[in-house]
>>> print(open('input_18.txt').read())   # compact mmCIF, C-alpha atoms
# COMPACT_ATOMS: atom_id res chain seq x y z
CA MET A 1 19.30 30.49 -35.48
CA PRO A 2 16.74 27.74 -36.22
CA ILE A 3 18.12 24.37 -37.26
CA PRO A 4 18.37 24.21 -41.07
CA HIS A 5 16.08 21.63 -42.63
CA GLU A 6 18.95 20.17 -44.62
CA THR A 7 22.69 20.39 -45.10
CA ARG A 8 24.97 20.05 -48.07
CA GLN A 9 27.37 17.13 -47.90
CA TRP A 10 29.88 15.24 -50.00
CA VAL A 11 29.30 11.48 -50.02
CA LEU A 12 31.42 8.62 -51.27
CA ASN A 13 29.95 7.75 -54.66
CA SER A 14 32.43 5.14 -55.91
CA LYS A 15 35.42 3.52 -54.21
CA PRO A 16 38.58 4.13 -56.28
CA LEU A 17 41.29 1.59 -57.04
CA ASP A 18 43.66 4.30 -58.19
CA LEU A 19 43.74 8.09 -57.85
CA PRO A 20 40.26 9.37 -56.92
CA VAL A 21 38.33 10.81 -59.86
CA LEU A 22 36.50 14.12 -59.38
CA ASP A 23 34.84 14.44 -62.79
CA GLY A 24 33.21 12.24 -65.40
CA PRO A 25 30.33 9.74 -65.28
CA ASN A 26 31.43 7.94 -62.10
CA PRO A 27 33.25 10.36 -59.77
CA THR A 28 34.62 9.23 -56.43
CA PHE A 29 32.56 11.82 -54.52
CA LYS A 30 29.11 13.28 -55.06
CA LEU A 31 27.58 16.49 -53.71
CA THR A 32 24.17 15.84 -52.12
CA THR A 33 21.91 17.15 -49.38
CA ALA A 34 20.79 15.43 -46.18
CA LEU A 35 17.91 16.18 -43.84
CA LEU A 36 18.70 17.36 -40.33
CA PRO A 37 16.67 16.59 -37.18
CA GLN A 38 14.66 19.65 -36.20
CA SER A 39 15.30 19.48 -32.47
CA LEU A 40 18.25 18.95 -30.17
CA SER A 41 18.39 16.87 -27.03
CA LYS A 42 19.98 18.40 -23.93
CA SER A 43 23.16 16.51 -24.76
CA GLN A 44 23.50 17.76 -28.36
CA VAL A 45 24.76 20.76 -30.34
CA LEU A 46 24.36 21.94 -33.92
CA VAL A 47 27.67 23.03 -35.45
CA LYS A 48 28.76 24.71 -38.67
CA THR A 49 31.98 23.51 -40.27
CA LEU A 50 34.63 26.23 -40.63
CA TYR A 51 37.88 24.36 -41.35
CA LEU A 52 38.30 20.80 -42.62
CA SER A 53 41.26 18.57 -41.85
CA ASN A 54 42.84 16.85 -44.87
CA ASP A 55 44.72 13.66 -44.02
CA PRO A 56 46.28 10.87 -46.11
CA ALA A 57 44.57 8.28 -43.89
CA GLN A 58 41.22 9.33 -45.35
CA ARG A 59 42.24 7.57 -48.56
CA CYS A 60 42.48 4.28 -46.66
CA TRP A 61 38.89 4.67 -45.42
CA ILE A 62 37.55 4.54 -49.01
CA SER A 63 39.69 1.70 -50.38
CA PRO A 64 37.67 -1.01 -52.15
CA THR A 65 40.23 -3.71 -51.36
CA ALA A 66 40.48 -3.25 -47.58
CA ASP A 67 39.08 -6.00 -45.36
CA PRO A 68 36.87 -4.23 -42.77
CA ARG A 69 38.02 -6.75 -40.17
CA ARG A 70 41.60 -5.49 -40.59
CA LEU A 71 40.92 -1.75 -40.34
CA TYR A 72 41.28 0.33 -37.20
CA LEU A 73 38.16 2.36 -38.15
CA PRO A 74 35.06 1.20 -40.05
CA PRO A 75 35.42 1.91 -43.78
CA ILE A 76 33.19 4.53 -45.38
CA ALA A 77 30.43 2.90 -47.40
CA GLU A 78 29.25 4.23 -50.73
CA GLY A 79 26.49 6.73 -50.07
CA GLU A 80 27.91 7.79 -46.71
CA SER A 81 29.39 11.25 -46.09
CA MET A 82 33.16 11.47 -46.47
CA GLY A 83 34.86 11.30 -43.07
CA SER A 84 36.83 14.22 -41.70
CA ASN A 85 37.62 16.11 -38.52
CA ALA A 86 36.97 19.83 -38.48
CA VAL A 87 37.07 23.02 -36.52
CA ALA A 88 33.43 24.04 -36.20
CA GLU A 89 31.33 26.71 -34.51
CA VAL A 90 28.46 25.84 -32.20
CA ILE A 91 25.31 27.37 -33.69
CA GLU A 92 22.64 25.98 -31.36
CA SER A 93 23.01 24.06 -28.11
CA GLY A 94 20.72 21.82 -26.12
CA ALA A 95 22.63 22.83 -22.99
CA SER A 96 24.13 26.31 -23.27
CA ASP A 97 25.61 26.03 -19.80
CA ARG A 98 27.73 23.12 -21.03
CA LEU A 99 28.55 24.28 -24.57
CA ALA A 100 27.35 27.72 -25.58
CA PRO A 101 26.65 28.99 -29.11
CA GLY A 102 29.68 30.71 -30.63
CA THR A 103 32.14 28.26 -29.07
CA LEU A 104 34.77 26.78 -31.38
CA VAL A 105 35.11 23.00 -31.18
CA LEU A 106 36.95 20.15 -32.80
CA ALA A 107 34.46 17.55 -34.04
CA LYS A 108 34.11 14.80 -36.62
CA THR A 109 31.76 16.72 -38.91
CA ASN A 110 32.68 14.79 -42.08
CA TRP A 111 32.32 16.75 -45.32
CA ARG A 112 29.11 18.40 -44.14
CA GLU A 113 28.18 22.07 -43.84
CA TYR A 114 26.05 21.53 -40.70
CA SER A 115 25.96 18.56 -38.34
CA ILE A 116 24.59 17.55 -34.97
CA HIS A 117 26.86 16.05 -32.30
CA GLU A 118 26.85 14.88 -28.74
CA ILE A 119 28.43 17.51 -26.52
CA ASP A 120 30.77 14.89 -25.08
CA ASP A 121 32.13 14.23 -28.58
CA CYS A 122 33.16 17.88 -29.09
CA GLN A 123 36.53 19.19 -27.93
CA ILE A 124 36.39 22.86 -26.90
CA LEU A 125 39.17 24.92 -28.50
CA ASN A 126 40.78 27.87 -26.77
CA PRO A 127 42.70 29.92 -29.37
CA LEU A 128 46.30 30.82 -28.58
CA PRO A 129 47.36 34.47 -28.95
CA GLY A 130 49.03 35.03 -32.31
CA LEU A 131 48.30 31.54 -33.59
CA GLY A 132 45.48 30.25 -35.79
CA VAL A 133 43.02 27.79 -34.30
CA THR A 134 43.71 25.41 -37.20
CA HIS A 135 46.97 24.33 -35.54
CA PHE A 136 44.81 22.23 -33.19
CA MET A 137 44.29 19.96 -36.22
CA GLY A 138 48.00 20.01 -37.10
CA SER A 139 51.00 20.61 -34.86
CA PHE A 140 48.91 20.48 -31.69
CA GLY A 141 46.48 17.89 -33.04
CA LEU A 142 46.74 14.30 -34.26
CA PRO A 143 49.89 14.88 -36.38
CA GLY A 144 51.77 16.27 -33.38
CA LEU A 145 50.46 13.49 -31.14
CA THR A 146 51.42 10.90 -33.76
CA ALA A 147 54.97 12.24 -33.99
CA TYR A 148 55.46 12.35 -30.23
CA TYR A 149 53.93 8.92 -29.59
CA ALA A 150 55.99 7.18 -32.25
CA LEU A 151 59.29 8.70 -31.14
CA THR A 152 58.90 8.35 -27.38
CA GLU A 153 56.80 5.19 -27.01
CA VAL A 154 56.98 3.15 -30.23
CA VAL A 155 60.67 3.32 -31.24
CA LYS A 156 61.83 4.83 -27.93
CA ALA A 157 64.27 7.26 -29.54
CA LYS A 158 67.28 8.24 -27.45
CA SER A 159 69.53 11.28 -27.55
CA GLY A 160 72.53 10.77 -29.81
CA GLU A 161 70.80 8.37 -32.21
CA THR A 162 70.28 9.09 -35.91
CA ILE A 163 66.86 9.10 -37.58
CA VAL A 164 65.71 9.39 -41.18
CA VAL A 165 62.26 10.94 -41.66
CA SER A 166 60.38 10.55 -44.94
CA GLY A 167 57.56 12.96 -45.74
CA ALA A 168 59.53 15.41 -43.60
CA ALA A 169 57.72 18.47 -44.97
CA GLY A 170 54.26 17.08 -44.17
CA ALA A 171 52.03 17.60 -41.17
CA THR A 172 53.42 14.68 -39.15
CA GLY A 173 56.92 14.57 -40.62
CA SER A 174 57.66 18.21 -39.83
CA MET A 175 56.74 17.61 -36.19
CA VAL A 176 58.86 14.43 -36.11
CA VAL A 177 61.84 16.48 -37.29
CA GLN A 178 61.35 19.08 -34.57
CA ILE A 179 60.59 16.73 -31.69
CA ALA A 180 63.45 14.40 -32.62
CA LYS A 181 66.00 17.19 -32.95
CA LYS A 182 64.93 19.78 -30.40
CA LEU A 183 63.20 17.81 -27.65
CA ILE A 184 65.03 14.46 -27.75
CA GLY A 185 68.42 15.28 -29.29
CA LEU A 186 68.73 13.05 -32.37
CA LYS A 187 70.65 13.63 -35.56
CA VAL A 188 67.91 14.10 -38.16
CA ILE A 189 68.03 13.36 -41.89
CA GLY A 190 64.87 14.45 -43.68
CA ILE A 191 63.44 13.37 -47.03
CA ALA A 192 61.13 15.72 -48.96
CA GLY A 193 59.95 16.34 -52.52
CA SER A 194 61.58 19.61 -53.59
CA GLU A 195 64.63 21.73 -52.91
CA GLU A 196 62.42 24.41 -51.38
CA LYS A 197 60.82 21.92 -49.00
CA CYS A 198 64.21 20.48 -48.09
CA ARG A 199 65.58 23.88 -47.13
CA TRP A 200 62.45 24.47 -45.00
CA VAL A 201 62.89 21.12 -43.26
CA GLU A 202 66.48 22.08 -42.47
CA LYS A 203 65.25 25.37 -40.98
CA LEU A 204 63.01 23.32 -38.71
CA GLY A 205 66.08 21.52 -37.38
CA ALA A 206 67.05 18.69 -39.72
CA ASP A 207 70.82 18.31 -40.10
CA ILE A 208 70.30 17.58 -43.80
CA CYS A 209 67.29 17.02 -46.07
CA ILE A 210 67.38 15.02 -49.30
CA ASN A 211 65.15 15.65 -52.30
CA TYR A 212 63.67 12.31 -53.40
CA ARG A 213 62.72 13.74 -56.81
CA LYS A 214 66.36 14.33 -57.81
CA PRO A 215 67.95 11.74 -60.10
CA SER A 216 70.76 11.45 -57.57
CA PHE A 217 68.41 10.65 -54.65
CA GLU A 218 69.59 7.10 -54.04
CA GLU A 219 73.24 8.16 -54.20
CA ASP A 220 72.54 11.11 -51.89
CA LEU A 221 70.70 8.90 -49.41
CA PHE A 222 73.47 6.31 -49.28
CA ARG A 223 76.09 9.03 -48.81
CA GLU A 224 74.25 10.73 -45.93
CA THR A 225 73.62 7.36 -44.23
CA ASP A 226 77.08 5.91 -44.84
CA ASP A 227 77.39 4.93 -41.15
CA PHE A 228 73.81 3.60 -41.18
CA VAL A 229 71.04 4.91 -38.93
CA ASP A 230 69.20 3.78 -35.81
CA ILE A 231 65.64 4.74 -36.74
CA TYR A 232 63.56 5.26 -39.85
CA TYR A 233 60.28 7.14 -39.46
CA ASP A 234 58.25 5.94 -42.43
CA ASN A 235 55.40 8.05 -43.78
CA VAL A 236 55.53 6.82 -47.37
CA GLY A 237 56.34 3.11 -47.75
CA GLY A 238 57.18 1.85 -51.25
CA ARG A 239 60.59 2.46 -52.81
CA ILE A 240 61.92 4.67 -50.03
CA LEU A 241 61.07 2.11 -47.34
CA ASP A 242 62.77 -0.55 -49.48
CA LEU A 243 65.93 1.56 -49.70
CA MET A 244 65.89 2.34 -46.00
CA LEU A 245 65.95 -1.36 -45.13
CA LEU A 246 69.49 -1.20 -46.55
CA ARG A 247 70.43 1.84 -44.47
CA LEU A 248 69.39 0.77 -40.97
CA LYS A 249 71.87 -0.48 -38.41
CA ARG A 250 71.65 -3.95 -36.98
CA TYR A 251 68.73 -3.91 -34.53
CA GLY A 252 67.45 -0.71 -36.15
CA ARG A 253 63.81 0.32 -35.73
CA VAL A 254 61.17 1.48 -38.19
CA ALA A 255 58.20 3.55 -37.01
CA ALA A 256 55.63 2.56 -39.65
CA CYS A 257 53.28 5.55 -39.71
CA GLY A 258 51.95 5.58 -43.29
CA THR A 259 52.41 4.32 -46.84
CA ILE A 260 51.14 7.18 -48.97
CA SER A 261 53.10 5.99 -52.00
CA ASN A 262 50.66 3.06 -52.20
CA TYR A 263 47.41 4.79 -51.20
CA ASN A 264 46.31 5.23 -54.81
CA LYS A 265 47.64 1.87 -56.02
CA ASP A 266 45.10 -0.57 -54.62
CA ALA A 267 45.18 -2.53 -57.88
CA ASP A 268 48.99 -2.79 -58.04
CA PRO A 269 50.78 -1.85 -54.79
CA VAL A 270 54.55 -1.44 -54.68
CA GLY A 271 56.23 -4.33 -52.87
CA LEU A 272 59.58 -4.69 -51.11
CA LYS A 273 62.68 -6.30 -52.61
CA ASN A 274 64.96 -5.91 -49.60
CA PHE A 275 62.80 -7.48 -46.91
CA TYR A 276 65.47 -10.07 -46.07
CA GLU A 277 67.35 -7.18 -44.40
CA VAL A 278 64.73 -7.38 -41.65
CA VAL A 279 65.89 -10.92 -40.91
CA SER A 280 69.63 -10.59 -41.45
CA ASN A 281 69.93 -7.34 -39.47
CA ARG A 282 67.16 -8.04 -36.96
CA ILE A 283 65.29 -4.87 -37.86
CA ALA A 284 62.12 -4.14 -35.91
CA ILE A 285 59.27 -2.72 -38.01
CA LEU A 286 56.78 -1.27 -35.56
CA GLY A 287 53.35 -0.37 -36.83
CA PHE A 288 51.21 1.89 -34.67
CA ILE A 289 47.93 3.80 -34.67
CA VAL A 290 47.69 7.14 -32.88
CA PHE A 291 44.29 6.24 -31.43
CA ASP A 292 46.09 3.77 -29.16
CA TYR A 293 47.61 6.85 -27.50
CA ILE A 294 44.59 9.15 -27.63
CA HIS A 295 44.23 9.09 -23.85
CA LYS A 296 47.47 11.11 -23.76
CA ALA A 297 46.26 13.72 -26.26
CA ALA A 298 45.66 16.55 -23.77
CA GLU A 299 48.94 15.90 -21.96
CA VAL A 300 50.99 15.87 -25.18
CA ARG A 301 49.16 18.90 -26.60
CA ASN A 302 50.03 20.91 -23.48
CA LEU A 303 53.64 19.72 -23.68
CA LEU A 304 53.93 20.79 -27.31
CA ILE A 305 52.24 24.14 -26.67
CA GLN A 306 54.72 24.80 -23.85
CA ALA A 307 57.62 23.84 -26.15
CA TRP A 308 56.28 26.37 -28.68
CA LYS A 309 55.95 29.05 -26.00
CA ASP A 310 59.52 28.34 -24.91
CA GLY A 311 60.77 28.72 -28.48
CA LYS A 312 61.91 25.10 -28.74
CA ILE A 313 59.67 24.22 -31.69
CA VAL A 314 58.26 26.27 -34.56
CA VAL A 315 54.51 26.46 -35.12
CA ASP A 316 53.47 29.27 -37.43
CA ASP A 317 51.88 30.06 -40.79
CA ALA A 318 54.62 28.13 -42.58
CA THR A 319 53.83 24.88 -40.76
CA GLU A 320 50.40 24.65 -42.33
CA THR A 321 48.85 25.20 -45.75
CA VAL A 322 45.37 26.71 -45.40
CA VAL A 323 43.43 26.80 -48.65
CA GLU A 324 40.31 28.94 -48.94
CA ALA A 325 37.62 27.12 -50.88
CA SER A 326 33.92 26.96 -51.49
CA PHE A 327 31.98 23.93 -50.26
CA GLU A 328 31.86 22.70 -53.86
CA ASP A 329 35.68 22.55 -54.00
CA ILE A 330 36.27 20.42 -50.88
CA PRO A 331 37.40 17.31 -52.82
CA ARG A 332 39.79 19.31 -55.03
CA VAL A 333 41.59 20.74 -52.01
CA TRP A 334 41.82 17.28 -50.41
CA MET A 335 43.45 15.94 -53.57
CA LYS A 336 46.41 18.29 -52.99
CA LEU A 337 47.61 15.71 -50.47
CA PHE A 338 48.68 13.55 -53.40
CA ASP A 339 50.41 16.09 -55.64
CA GLY A 340 52.90 17.37 -53.07
CA SER A 341 51.71 20.97 -53.21
CA ASN A 342 51.23 21.42 -49.46
CA THR A 343 53.81 22.12 -46.78
CA GLY A 344 52.90 21.09 -43.24
CA LYS A 345 49.27 20.46 -42.42
CA LEU A 346 46.78 20.84 -45.30
CA THR A 347 43.57 22.53 -44.13
CA THR A 348 40.49 23.71 -46.03
CA LYS A 349 38.96 27.02 -44.95
CA LEU A 350 35.37 27.16 -46.13
CA VAL A 351 34.35 30.54 -47.55
>>> encode(input="input_18.txt", output="structure tokens")
Amino acid sequence: MPIPHETRQWVLNSKPLDLPVLDGPNPTFKLTTALLPQSLSKSQVLVKTLYLSNDPAQRCWISPTADPRRLYLPPIAEGESMGSNAVAEVIESGASDRLAPGTLVLAKTNWREYSIHEIDDCQILNPLPGLGVTHFMGSFGLPGLTAYYALTEVVKAKSGETIVVSGAAGATGSMVVQIAKKLIGLKVIGIAGSEEKCRWVEKLGADICINYRKPSFEEDLFRETDDFVDIYYDNVGGRILDLMLLRLKRYGRVAACGTISNYNKDADPVGLKNFYEVVSNRIAILGFIVFDYIHKAAEVRNLLIQAWKDGKIVVDDATETVVEASFEDIPRVWMKLFDGSNTGKLTTKLV
């Protein structure tokens, strides 16, 4: 097909201090169009976005309070298209022998319908029999890589240790539970936001999962960690991190993956009251970014795929939430990250 003259895109209209706003006079995002170059070089392809990845880290990219010098990726400026990875289809290619039309790829398309990319920046996807291609953005993508990297390289988890995993029903947390329990041999205590999610996390392999929305959460957490734990895998920060500083053993380790409880509180973030525990119990809080381990992505993906083939880990429809949506509804699906309605990886299927 000829290259379209323009593409629809969602741009950042206004950086939010609190929960992003989708309606009203000053919404966080704005639907616009952008012109596309009308020719491809021999190193480029035109792709159409099919599935969008929804990730809590995207909220950090649009924070108005972040110092660009302290971020691991450049922040998104107002007027720029919202950043996102996607599964896309190659529509036209400047070098069909390298990347032919019809090929599915993983690319950073942002919230755009069509986009042009360097061939070298596109990862060719080979679908697995009986499994949706979207899992290459979830269990076999960055969430799976993040879980494996943190456990094996950052906190160096060892068989027989005990780990608590917050956000255990999310894209990364659910893979942490499985890798920790089934591939390394840890005792796993999960934390999730509903009884239904907790029972699902236990089916994935957690020895127990605690519902943080129950009034008895703190009591339940202290009971299940009465002997204290070796590792805390932190996806949420805030109150739960503060409590876990009281539940770690001396010389315990924290894998600091995310702080979603504060992502929409730029104006008034939740602090820590129990930080002295880090000193008195010599706790190591280890922050990490998965891009430091990206050179291992193919190796880890193959390892996780083999574990799935061998029946050691579960990757199926239940480990992702795929929401069909029109292009106009992209922001509304993304916002589900913050209301707890997804289980596993949250993906938008454009229809």
>>> closest_residue(input="input_18.txt", among="A:Leu46, A:Gln9, A:Leu125, A:Leu19", to="A:Thr33", atoms="all atoms listed in the file")
A:Gln9
>>> residues_near_point(input="input_18.txt", point="(58.2, 5.3, -33.9)", cutoff="10 Å", atoms="all atoms listed in the file", output="list in words")
Thr146, Ala147, Tyr148, Tyr149, Ala150, Leu151, Thr152, Glu153, Val154, Val155, Lys156, Ala157, Val176, Ile231, Tyr232, Tyr233, Asp234, Arg253, Val254, Ala255, Ala256, Cys257, Ile285, Leu286, Gly287 and Phe288 of chain A
>>> residues_near_point(input="input_18.txt", point="(36.0, 16.0, -41.9)", cutoff="7 Å", atoms="only C-alpha atoms", output="tab-separated table (two decimals) with C-alpha atoms, in the coordinates of the input")
chain	number	residue	atom	x	y	z
A	52	LEU	CA	38.30	20.80	-42.62
A	53	SER	CA	41.26	18.57	-41.85
A	83	GLY	CA	34.86	11.30	-43.07
A	84	SER	CA	36.83	14.22	-41.70
A	85	ASN	CA	37.62	16.11	-38.52
A	86	ALA	CA	36.97	19.83	-38.48
A	108	LYS	CA	34.11	14.80	-36.62
A	109	THR	CA	31.76	16.72	-38.91
A	110	ASN	CA	32.68	14.79	-42.08
A	111	TRP	CA	32.32	16.75	-45.32
>>> residues_around(input="input_18.txt", residues="A:Pro16", least_positions_apart="2", cutoff="8 Å", atoms="all atoms listed in the file", output="VMD selection string")
chain A and resid 14 18 to 21 28 62 to 64 264
>>> atom_distance(input="input_18.txt", atom1="atom CA of A:Cys209", atom2="atom CA of A:Asp310")
25.2 Å
>>> atom_distance(input="input_18.txt", atom1="atom CA of A:Gly311", atom2="atom CA of A:Asn54")
27.0 Å
>>> closest_atom_pairs(input="input_18.txt", of="stretch 147-244 of chain A", to="stretch 267-272 of chain A", cutoff="9 Å", atoms="all atoms listed in the file", output="CSV")
residue,atom,partner,partner_atom,distance
A:Gly237,CA,A:Val270,CA,8.5
A:Gly238,CA,A:Val270,CA,5.4
A:Arg239,CA,A:Leu272,CA,7.4
A:Leu241,CA,A:Leu272,CA,7.9
A:Asp242,CA,A:Leu272,CA,5.5
>>> closest_residue(input="input_18.txt", among="A:Ile313, A:Leu350, A:Leu221, A:Val322", to="A:Ile184", atoms="only C-alpha atoms")
A:Ile313
>>> closest_residue(input="input_18.txt", among="A:Thr162, A:Ala325, A:Ala77, A:Ser174", to="A:Leu248", atoms="all atoms listed in the file")
A:Thr162
>>> residues_around(input="input_18.txt", residues="A:His135", least_positions_apart="2", cutoff="9 Å", atoms="only C-alpha atoms", output="list in words")
Leu131, Gly132, Val133, Met137, Gly138, Ser139, Phe140, Gly141, Val315, Asp316, Thr319, Glu320 and Lys345 of chain A
>>> closest_residue(input="input_18.txt", among="A:Glu328, A:Asn262, A:Ala34, A:Phe291", to="A:Cys60", atoms="only C-alpha atoms")
A:Asn262
>>> atom_distance(input="input_18.txt", atom1="atom CA of A:Ser280", atom2="atom CA of A:Tyr251")
9.7 Å
>>> closest_residue(input="input_18.txt", among="A:Tyr293, A:Phe338, A:Trp308, A:Tyr114", to="A:Gly130", atoms="only C-alpha atoms")
A:Trp308
>>> decode(input="input_18.txt", residues="stretch 145-154 of chain A", atoms="all heavy atoms", output="PDB file, in the first residue's frame")
ATOM      1  N   LEU A 145      11.795 -10.386  31.533  1.00  0.00           N
ATOM      2  CA  LEU A 145      13.218 -10.083  31.660  1.00  0.00           C
ATOM      3  C   LEU A 145      13.500  -9.360  32.975  1.00  0.00           C
ATOM      4  O   LEU A 145      14.492  -9.646  33.660  1.00  0.00           O
ATOM      5  CB  LEU A 145      13.669  -9.229  30.473  1.00  0.00           C
ATOM      6  CG  LEU A 145      15.141  -8.813  30.443  1.00  0.00           C
ATOM      7  CD1 LEU A 145      16.052 -10.025  30.279  1.00  0.00           C
ATOM      8  CD2 LEU A 145      15.398  -7.808  29.314  1.00  0.00           C
ATOM      9  N   THR A 146      12.621  -8.419  33.336  1.00  0.00           N
ATOM     10  CA  THR A 146      12.774  -7.683  34.588  1.00  0.00           C
ATOM     11  C   THR A 146      12.752  -8.626  35.783  1.00  0.00           C
ATOM     12  O   THR A 146      13.585  -8.525  36.699  1.00  0.00           O
ATOM     13  CB  THR A 146      11.651  -6.645  34.728  1.00  0.00           C
ATOM     14  OG1 THR A 146      11.694  -5.740  33.622  1.00  0.00           O
ATOM     15  CG2 THR A 146      11.780  -5.859  36.018  1.00  0.00           C
ATOM     16  N   ALA A 147      11.789  -9.539  35.795  1.00  0.00           N
ATOM     17  CA  ALA A 147      11.667 -10.491  36.902  1.00  0.00           C
ATOM     18  C   ALA A 147      12.914 -11.361  37.011  1.00  0.00           C
ATOM     19  O   ALA A 147      13.472 -11.539  38.112  1.00  0.00           O
ATOM     20  CB  ALA A 147      10.424 -11.365  36.690  1.00  0.00           C
ATOM     21  N   TYR A 148      13.365 -11.887  35.904  1.00  0.00           N
ATOM     22  CA  TYR A 148      14.520 -12.797  35.916  1.00  0.00           C
ATOM     23  C   TYR A 148      15.793 -12.062  36.330  1.00  0.00           C
ATOM     24  O   TYR A 148      16.574 -12.550  37.159  1.00  0.00           O
ATOM     25  CB  TYR A 148      14.689 -13.416  34.530  1.00  0.00           C
ATOM     26  CG  TYR A 148      15.757 -14.489  34.474  1.00  0.00           C
ATOM     27  CD1 TYR A 148      15.450 -15.807  34.798  1.00  0.00           C
ATOM     28  CD2 TYR A 148      17.071 -14.186  34.111  1.00  0.00           C
ATOM     29  CE1 TYR A 148      16.425 -16.798  34.762  1.00  0.00           C
ATOM     30  CE2 TYR A 148      18.047 -15.167  34.081  1.00  0.00           C
ATOM     31  CZ  TYR A 148      17.723 -16.473  34.401  1.00  0.00           C
ATOM     32  OH  TYR A 148      18.699 -17.442  34.374  1.00  0.00           O
ATOM     33  N   TYR A 149      16.009 -10.888  35.772  1.00  0.00           N
ATOM     34  CA  TYR A 149      17.200 -10.091  36.073  1.00  0.00           C
ATOM     35  C   TYR A 149      17.269  -9.751  37.553  1.00  0.00           C
ATOM     36  O   TYR A 149      18.308  -9.937  38.214  1.00  0.00           O
ATOM     37  CB  TYR A 149      17.165  -8.823  35.218  1.00  0.00           C
ATOM     38  CG  TYR A 149      18.214  -7.774  35.527  1.00  0.00           C
ATOM     39  CD1 TYR A 149      19.525  -8.127  35.813  1.00  0.00           C
ATOM     40  CD2 TYR A 149      17.879  -6.423  35.510  1.00  0.00           C
ATOM     41  CE1 TYR A 149      20.478  -7.158  36.072  1.00  0.00           C
ATOM     42  CE2 TYR A 149      18.828  -5.448  35.772  1.00  0.00           C
ATOM     43  CZ  TYR A 149      20.125  -5.819  36.060  1.00  0.00           C
ATOM     44  OH  TYR A 149      21.068  -4.860  36.321  1.00  0.00           O
ATOM     45  N   ALA A 150      16.159  -9.266  38.100  1.00  0.00           N
ATOM     46  CA  ALA A 150      16.161  -8.861  39.502  1.00  0.00           C
ATOM     47  C   ALA A 150      16.454 -10.030  40.429  1.00  0.00           C
ATOM     48  O   ALA A 150      17.238  -9.916  41.381  1.00  0.00           O
ATOM     49  CB  ALA A 150      14.831  -8.218  39.865  1.00  0.00           C
ATOM     50  N   LEU A 151      15.829 -11.166  40.172  1.00  0.00           N
ATOM     51  CA  LEU A 151      15.992 -12.315  41.053  1.00  0.00           C
ATOM     52  C   LEU A 151      17.378 -12.931  40.961  1.00  0.00           C
ATOM     53  O   LEU A 151      17.994 -13.270  41.985  1.00  0.00           O
ATOM     54  CB  LEU A 151      14.937 -13.379  40.732  1.00  0.00           C
ATOM     55  CG  LEU A 151      13.500 -13.040  41.134  1.00  0.00           C
ATOM     56  CD1 LEU A 151      12.529 -14.052  40.539  1.00  0.00           C
ATOM     57  CD2 LEU A 151      13.356 -13.004  42.655  1.00  0.00           C
ATOM     58  N   THR A 152      17.895 -13.081  39.755  1.00  0.00           N
ATOM     59  CA  THR A 152      19.150 -13.811  39.578  1.00  0.00           C
ATOM     60  C   THR A 152      20.396 -12.939  39.689  1.00  0.00           C
ATOM     61  O   THR A 152      21.438 -13.400  40.143  1.00  0.00           O
ATOM     62  CB  THR A 152      19.172 -14.530  38.219  1.00  0.00           C
ATOM     63  OG1 THR A 152      19.070 -13.553  37.158  1.00  0.00           O
ATOM     64  CG2 THR A 152      18.019 -15.528  38.104  1.00  0.00           C
ATOM     65  N   GLU A 153      20.283 -11.664  39.291  1.00  0.00           N
ATOM     66  CA  GLU A 153      21.466 -10.808  39.247  1.00  0.00           C
ATOM     67  C   GLU A 153      21.460  -9.704  40.297  1.00  0.00           C
ATOM     68  O   GLU A 153      22.514  -9.354  40.834  1.00  0.00           O
ATOM     69  CB  GLU A 153      21.597 -10.175  37.856  1.00  0.00           C
ATOM     70  CG  GLU A 153      21.723 -11.173  36.716  1.00  0.00           C
ATOM     71  CD  GLU A 153      23.030 -11.945  36.757  1.00  0.00           C
ATOM     72  OE1 GLU A 153      24.024 -11.402  37.281  1.00  0.00           O
ATOM     73  OE2 GLU A 153      23.054 -13.096  36.265  1.00  0.00           O
ATOM     74  N   VAL A 154      20.284  -9.140  40.592  1.00  0.00           N
ATOM     75  CA  VAL A 154      20.228  -7.985  41.496  1.00  0.00           C
ATOM     76  C   VAL A 154      20.235  -8.437  42.957  1.00  0.00           C
ATOM     77  O   VAL A 154      21.114  -8.044  43.738  1.00  0.00           O
ATOM     78  CB  VAL A 154      19.001  -7.109  41.186  1.00  0.00           C
ATOM     79  CG1 VAL A 154      18.923  -5.937  42.171  1.00  0.00           C
ATOM     80  CG2 VAL A 154      19.068  -6.592  39.755  1.00  0.00           C
TER      81      VAL A 154
END
